[in-house]
Structures are given as C-alpha cells and as structure tokens.
Amino acid sequence: MHSVHSTWGSPLRMNFQNHLIGAGATLLLLLPLKFGVSWMALLKANIDRELLLMKRDSFVYIFKAVNLTLTAFLVMTTFIRTKMHRDTTYGTIYMGALYFALDTIMFNGFAELGMTVIKLPVFFKQRDLLFFPAWTYTIPSWILQIPVTFFEVGVYVFTTYYVVGFDPSVSRFFKQYLLLVALNQMSSSLFRFIAGLGRDMVVAQTIGPLSLLAFATLGGFILARRKLIKLLIVFLRERKGPPVSITRNGISFPGQNDTTVISVLKSRGIFTEAKWYWIGFGALIGYTLLFNLLYTVALSFLKPLGDSYPSVPEDALEEKLYSMIGFEWSVAKFFWYLFFMYFTLLYFTFFGMMAVGLTPKESIASIISPIIYNMWNLFSGYLIPRPVAYFLPHIVLFSLLISFRKIPVWWRWYCWICPVAWTLYGLVASQFGNIQTKLDGKDQTVAQFIEEYYGFNHDLLWLN
C-alpha cells in the first residue's frame, strides 16, 4: 500500500511544486487585496458607470441646456445693447448684467447638489463593502463633467455676449467664456462637496442656499467693497476672497483707455488692473481643486446621517436675520419687517412644494427652481430699477415709464408680478422710505434717493 502511494504521490507532488515555482506570480492572486483588483481597474469601472449614469440621466442635462437657453434669451431681451449707452449712468446696469451672469452660472452648478445626494446611499453601501475607494468614485464625477461645462457655459456666453453689448474684442469674449467655465467648475465642485458633507437632502438643501447667499453678499456687488467691514477688506486684499468676489474682479476688468468703465469699477471697489483676470482665473481653478479634494475626504471618512435634525424657530431667527442687521428699533418698522419676511418665506416654501409636485423627480425640480429664482432676482428692482409708481390724490397711477427707461417695454409687466420685487419694495420702503437724513456728499435725503432711483414710496406700503 505504501508503494502505491509513493508511485503515484511523488510525481504529483513534484509536478505541483514545479508549477508553483514556474508560475510564482500566480500566487499574488491568492493574496488578500483590500479591493480585489487594481486601482486603475476600479477607476475605469467607475468611469464606465458614471458614463452610463450620464446617459441614463441625459434628459437632465438636456433640460439644463434648455434652461440656460431660456435664461440667455431673458438676458438678451432685457440687457439689449440698443437700449443701453456707454456712460456712467448705464455702467451700473452693465455691472448688473455681469453679476447676473455669475449668478446664473452659480445656480447652474446648484443642480449637482441634488443629483449627488441621490446617489450617495448606493455609494456608501458599496464603499463599506470595499467595492472601491472614494477617490475612484469622485474623480470621474468631476472629470466627466468638464465637457458638459464647456457646452453649458457656451450656450449662455455665445448667445448673450454681443447682444448685451460687451467689448467686441474676440479675446475678451473668450476670456469671459473661460472665466465662466472655471466658475461653473468651481460651483459644481462646491455643491458636490456640500452634498458629501450633508449626506442628506434636507441638510444639503439648507447649506447650499446659505453658501450662495454668502458668496452673493461678499461678492462685492450687493455690498460695495469699500462698504465691507475692515476685517473683510483685509481678507479680500490678500486675494483670499470668496469665489464670486474673485470672479467679479476678473470678469469686470476694463480696457486700457476706458476712463468711464474705470470710474464705474472704482466706485464699486473693483481692481482695475488687467492682471486680476488671471488672478481670478487661477483662484477659481484652485477652489475647484480644493472643493474636489474636500469632497473626496468627506466621502472617505463620513458615514450616512440619521433622520433627525434640530431646528430653530422662525420667530427666534427673525428676532436675532432684525437687531443684528442694525435696523431702526421702532414698533412699526419691526412689525413691517416681520410681516414681509414671514410672507416671503411662505411663498418661497409654497413655490418649492409646487416645483416638486409638478416635476417627475427631485433633480428636475432642482433645475427648474434656479431659473425662476434668477428671473425673480433680475426683476426684483435691484439690478435694474423697477417701474415707478406715482401717487396722485384719490388715485394710484402705475406708470408704464421706468427710471431712465432701463427695462425694455416687453418685460415691464413682469416687474409687477414678480413676488421678490414686492418683498424688496416693502422691506426698503418700510425701513428707509421715511428717513430724511441727507446722503454723504449729496443734497438728497435717503427717502428721496429711494423714491427717485428705485421708485419705492413709503406712502404706498399698503399696496405690498
């Protein structure tokens, strides 16, 4: 019996040993790798999956392009160059057109927030089961969006630049195009990071608008640079300002001999040297890399959130969104402020509910909402003064004329149905419409300026 085993066992043992020695590399397949295959294979697999998801969601990208086309049409028919002149009076309007372009591109990236949050539950399951590392998931979602960004920004810039009446130089045209491409990339990266940080639709949809509000407020248009507190001025001087502020400096640089443009830019505290274009462009690329890195870190270490989140009562916030702003403490003005803010939050909430109810899924609602918000922003009466309301004895006459005729006649009707326009009218008129203090360096009171430039009349508060 022993001889039989020796006869058959020895050759088998020798053959098996020779095979292992001759094919030693095959033993690597038996080693306990963390993800089973190489990183390049995992990256390729995630790229293929991202392409498949983009094809599946092609309707979303088509819908975004249509929205940008509609927004571009809105801009072309509002800031039309045949109605705008190259002087200091219309310089602010041109600045408004540039700011609206930044606002549009920022809102376009906002759609990434909802689309990213929806995919996170599947990602977390696959990550915890060691399907792939987080960076092989985040890199394709960024790189594959770059061609889409070039197309979407091209839809806006190629249709609006010359119609609005910006500088006809081809180099300036492409500089604006490249800067807005970089802004779109930064915006998309930012909202992907917010989605990864929030990990829940409610949390992410709360943080996202707050970031837009911060960028808009500190961007240098709503609040002129020279009006910001000293700490923020130092912060911006060291070129560490928010992305919108840097983009605004880059996109607004003047020509060498255009003294009118330079005076308008200086009045808003914008740097007038041409080098700020490249500083802004480089800063946006840096922000894009930073936000994508933070997005990768968030998905690498954070876990899915629960379902309960603390909330702060609305009245407590308002008692804090009035005293902190520094409005005049009077009973009438406080209750006017409370009234307008309450109904503003109410119609925004109802609009959000309507947008979700009328669309097939949440990602479509997140694309529709920004274009409506942009329209409300454009016709609110701040970027372009709204139609003037004149008060006559026993009759209210809404004139079809506009201060300096800055809005084309075919869009004047929308100023009167825009809800944000009525909110802005009520807030500004109630807080400042009866102040008789003269402006610095001018023989004009605050109330007179508000009524003559914006058309806000304190006596007509009851109409709001």
# chains A, B, ... in the order shown; residues from 1 in each chain; ligands from 1
>>> residues_around(residues="stretch 440-451 of chain A", least_positions_apart="6", cutoff="9 Å", atoms="only C-alpha atoms", output="PyMOL selection string")
chain A and resi 388+428-429+432-434+457-458
>>> residues_around(residues="stretch 61-64 of chain A", least_positions_apart="2", cutoff="9 Å", atoms="only C-alpha atoms", output="ChimeraX atom specification")
/A:54,57-59,66-69,108,111,148,152,364,367-368
>>> closest_residue(among="A:Gly36, A:Phe107, A:Gly198, A:Leu294", to="A:Leu213", atoms="only C-alpha atoms")
A:Phe107
>>> decode(residues="stretch 342-356 of chain A", atoms="all heavy atoms", output="short mmCIF file (atom, residue, chain, number, x, y, z; two decimals), in the first residue's frame")
data_model
loop_
_atom_site.label_atom_id
_atom_site.label_comp_id
_atom_site.auth_asym_id
_atom_site.auth_seq_id
_atom_site.Cartn_x
_atom_site.Cartn_y
_atom_site.Cartn_z
N TYR A 342 -42.10 87.06 6.84
CA TYR A 342 -42.94 85.88 7.02
C TYR A 342 -43.57 85.46 5.70
O TYR A 342 -43.52 84.28 5.32
CB TYR A 342 -44.03 86.17 8.05
CG TYR A 342 -45.04 85.06 8.18
CD1 TYR A 342 -44.75 83.90 8.88
CD2 TYR A 342 -46.29 85.15 7.56
CE1 TYR A 342 -45.67 82.87 8.97
CE2 TYR A 342 -47.22 84.13 7.65
CZ TYR A 342 -46.90 83.00 8.36
OH TYR A 342 -47.82 81.97 8.45
N PHE A 343 -44.16 86.40 4.99
CA PHE A 343 -44.83 86.04 3.74
C PHE A 343 -43.83 85.72 2.63
O PHE A 343 -44.15 84.95 1.72
CB PHE A 343 -45.78 87.16 3.32
CG PHE A 343 -47.07 87.15 4.07
CD1 PHE A 343 -47.26 88.00 5.15
CD2 PHE A 343 -48.07 86.26 3.74
CE1 PHE A 343 -48.44 87.98 5.87
CE2 PHE A 343 -49.27 86.23 4.45
CZ PHE A 343 -49.45 87.09 5.53
N THR A 344 -42.63 86.28 2.71
CA THR A 344 -41.60 85.89 1.74
C THR A 344 -41.20 84.44 1.92
O THR A 344 -41.14 83.66 0.96
CB THR A 344 -40.36 86.80 1.89
OG1 THR A 344 -40.74 88.15 1.64
CG2 THR A 344 -39.27 86.38 0.90
N LEU A 345 -40.93 84.04 3.17
CA LEU A 345 -40.61 82.63 3.44
C LEU A 345 -41.78 81.74 3.07
O LEU A 345 -41.59 80.60 2.60
CB LEU A 345 -40.25 82.46 4.91
CG LEU A 345 -38.94 83.10 5.37
CD1 LEU A 345 -38.79 82.99 6.89
CD2 LEU A 345 -37.75 82.44 4.69
N LEU A 346 -43.00 82.24 3.25
CA LEU A 346 -44.18 81.44 2.95
C LEU A 346 -44.29 81.16 1.45
O LEU A 346 -44.50 80.01 1.02
CB LEU A 346 -45.43 82.16 3.45
CG LEU A 346 -46.70 81.33 3.56
CD1 LEU A 346 -46.53 80.21 4.58
CD2 LEU A 346 -47.89 82.22 3.96
N TYR A 347 -44.14 82.21 0.61
CA TYR A 347 -44.31 81.95 -0.83
C TYR A 347 -43.12 81.20 -1.41
O TYR A 347 -43.27 80.46 -2.38
CB TYR A 347 -44.64 83.24 -1.61
CG TYR A 347 -43.57 84.27 -1.79
CD1 TYR A 347 -42.44 84.04 -2.58
CD2 TYR A 347 -43.72 85.54 -1.23
CE1 TYR A 347 -41.48 85.02 -2.78
CE2 TYR A 347 -42.77 86.54 -1.43
CZ TYR A 347 -41.65 86.26 -2.20
OH TYR A 347 -40.71 87.23 -2.40
N PHE A 348 -41.94 81.34 -0.83
CA PHE A 348 -40.82 80.51 -1.27
C PHE A 348 -41.07 79.04 -0.93
O PHE A 348 -40.76 78.15 -1.72
CB PHE A 348 -39.51 80.98 -0.63
CG PHE A 348 -38.75 81.96 -1.47
CD1 PHE A 348 -38.79 83.32 -1.20
CD2 PHE A 348 -37.98 81.52 -2.54
CE1 PHE A 348 -38.08 84.23 -1.99
CE2 PHE A 348 -37.27 82.41 -3.34
CZ PHE A 348 -37.33 83.77 -3.05
N THR A 349 -41.62 78.79 0.26
CA THR A 349 -41.94 77.41 0.64
C THR A 349 -42.99 76.82 -0.28
O THR A 349 -42.86 75.68 -0.76
CB THR A 349 -42.43 77.37 2.09
OG1 THR A 349 -41.42 77.90 2.96
CG2 THR A 349 -42.74 75.94 2.51
N PHE A 350 -44.04 77.56 -0.55
CA PHE A 350 -45.10 77.07 -1.42
C PHE A 350 -44.60 76.87 -2.85
O PHE A 350 -45.01 75.92 -3.54
CB PHE A 350 -46.29 78.03 -1.41
CG PHE A 350 -47.08 78.00 -0.14
CD1 PHE A 350 -47.84 79.09 0.26
CD2 PHE A 350 -47.07 76.88 0.67
CE1 PHE A 350 -48.57 79.06 1.43
CE2 PHE A 350 -47.79 76.83 1.85
CZ PHE A 350 -48.55 77.93 2.23
N PHE A 351 -43.71 77.76 -3.30
CA PHE A 351 -43.15 77.56 -4.64
C PHE A 351 -42.33 76.29 -4.71
O PHE A 351 -42.40 75.55 -5.69
CB PHE A 351 -42.28 78.76 -5.04
CG PHE A 351 -41.52 78.52 -6.32
CD1 PHE A 351 -42.16 78.62 -7.55
CD2 PHE A 351 -40.17 78.18 -6.30
CE1 PHE A 351 -41.47 78.38 -8.73
CE2 PHE A 351 -39.48 77.94 -7.46
CZ PHE A 351 -40.12 78.04 -8.69
N GLY A 352 -41.52 76.02 -3.67
CA GLY A 352 -40.74 74.78 -3.64
C GLY A 352 -41.64 73.56 -3.65
O GLY A 352 -41.35 72.57 -4.35
N MET A 353 -42.73 73.59 -2.90
CA MET A 353 -43.67 72.47 -2.90
C MET A 353 -44.30 72.30 -4.28
O MET A 353 -44.47 71.17 -4.76
CB MET A 353 -44.75 72.72 -1.84
CG MET A 353 -44.22 72.74 -0.41
SD MET A 353 -45.42 73.35 0.79
CE MET A 353 -46.72 72.15 0.60
N MET A 354 -44.64 73.40 -4.92
CA MET A 354 -45.24 73.32 -6.26
C MET A 354 -44.25 72.77 -7.27
O MET A 354 -44.60 71.93 -8.11
CB MET A 354 -45.70 74.71 -6.69
CG MET A 354 -46.35 74.75 -8.06
SD MET A 354 -46.62 76.42 -8.67
CE MET A 354 -44.93 76.91 -9.03
N ALA A 355 -42.97 73.22 -7.18
CA ALA A 355 -41.96 72.75 -8.13
C ALA A 355 -41.75 71.25 -8.00
O ALA A 355 -41.63 70.54 -9.01
CB ALA A 355 -40.64 73.49 -7.89
N VAL A 356 -41.72 70.74 -6.77
CA VAL A 356 -41.56 69.29 -6.57
C VAL A 356 -42.79 68.54 -7.04
O VAL A 356 -42.70 67.46 -7.64
CB VAL A 356 -41.26 69.00 -5.09
CG1 VAL A 356 -41.26 67.49 -4.82
CG2 VAL A 356 -39.92 69.59 -4.68
#
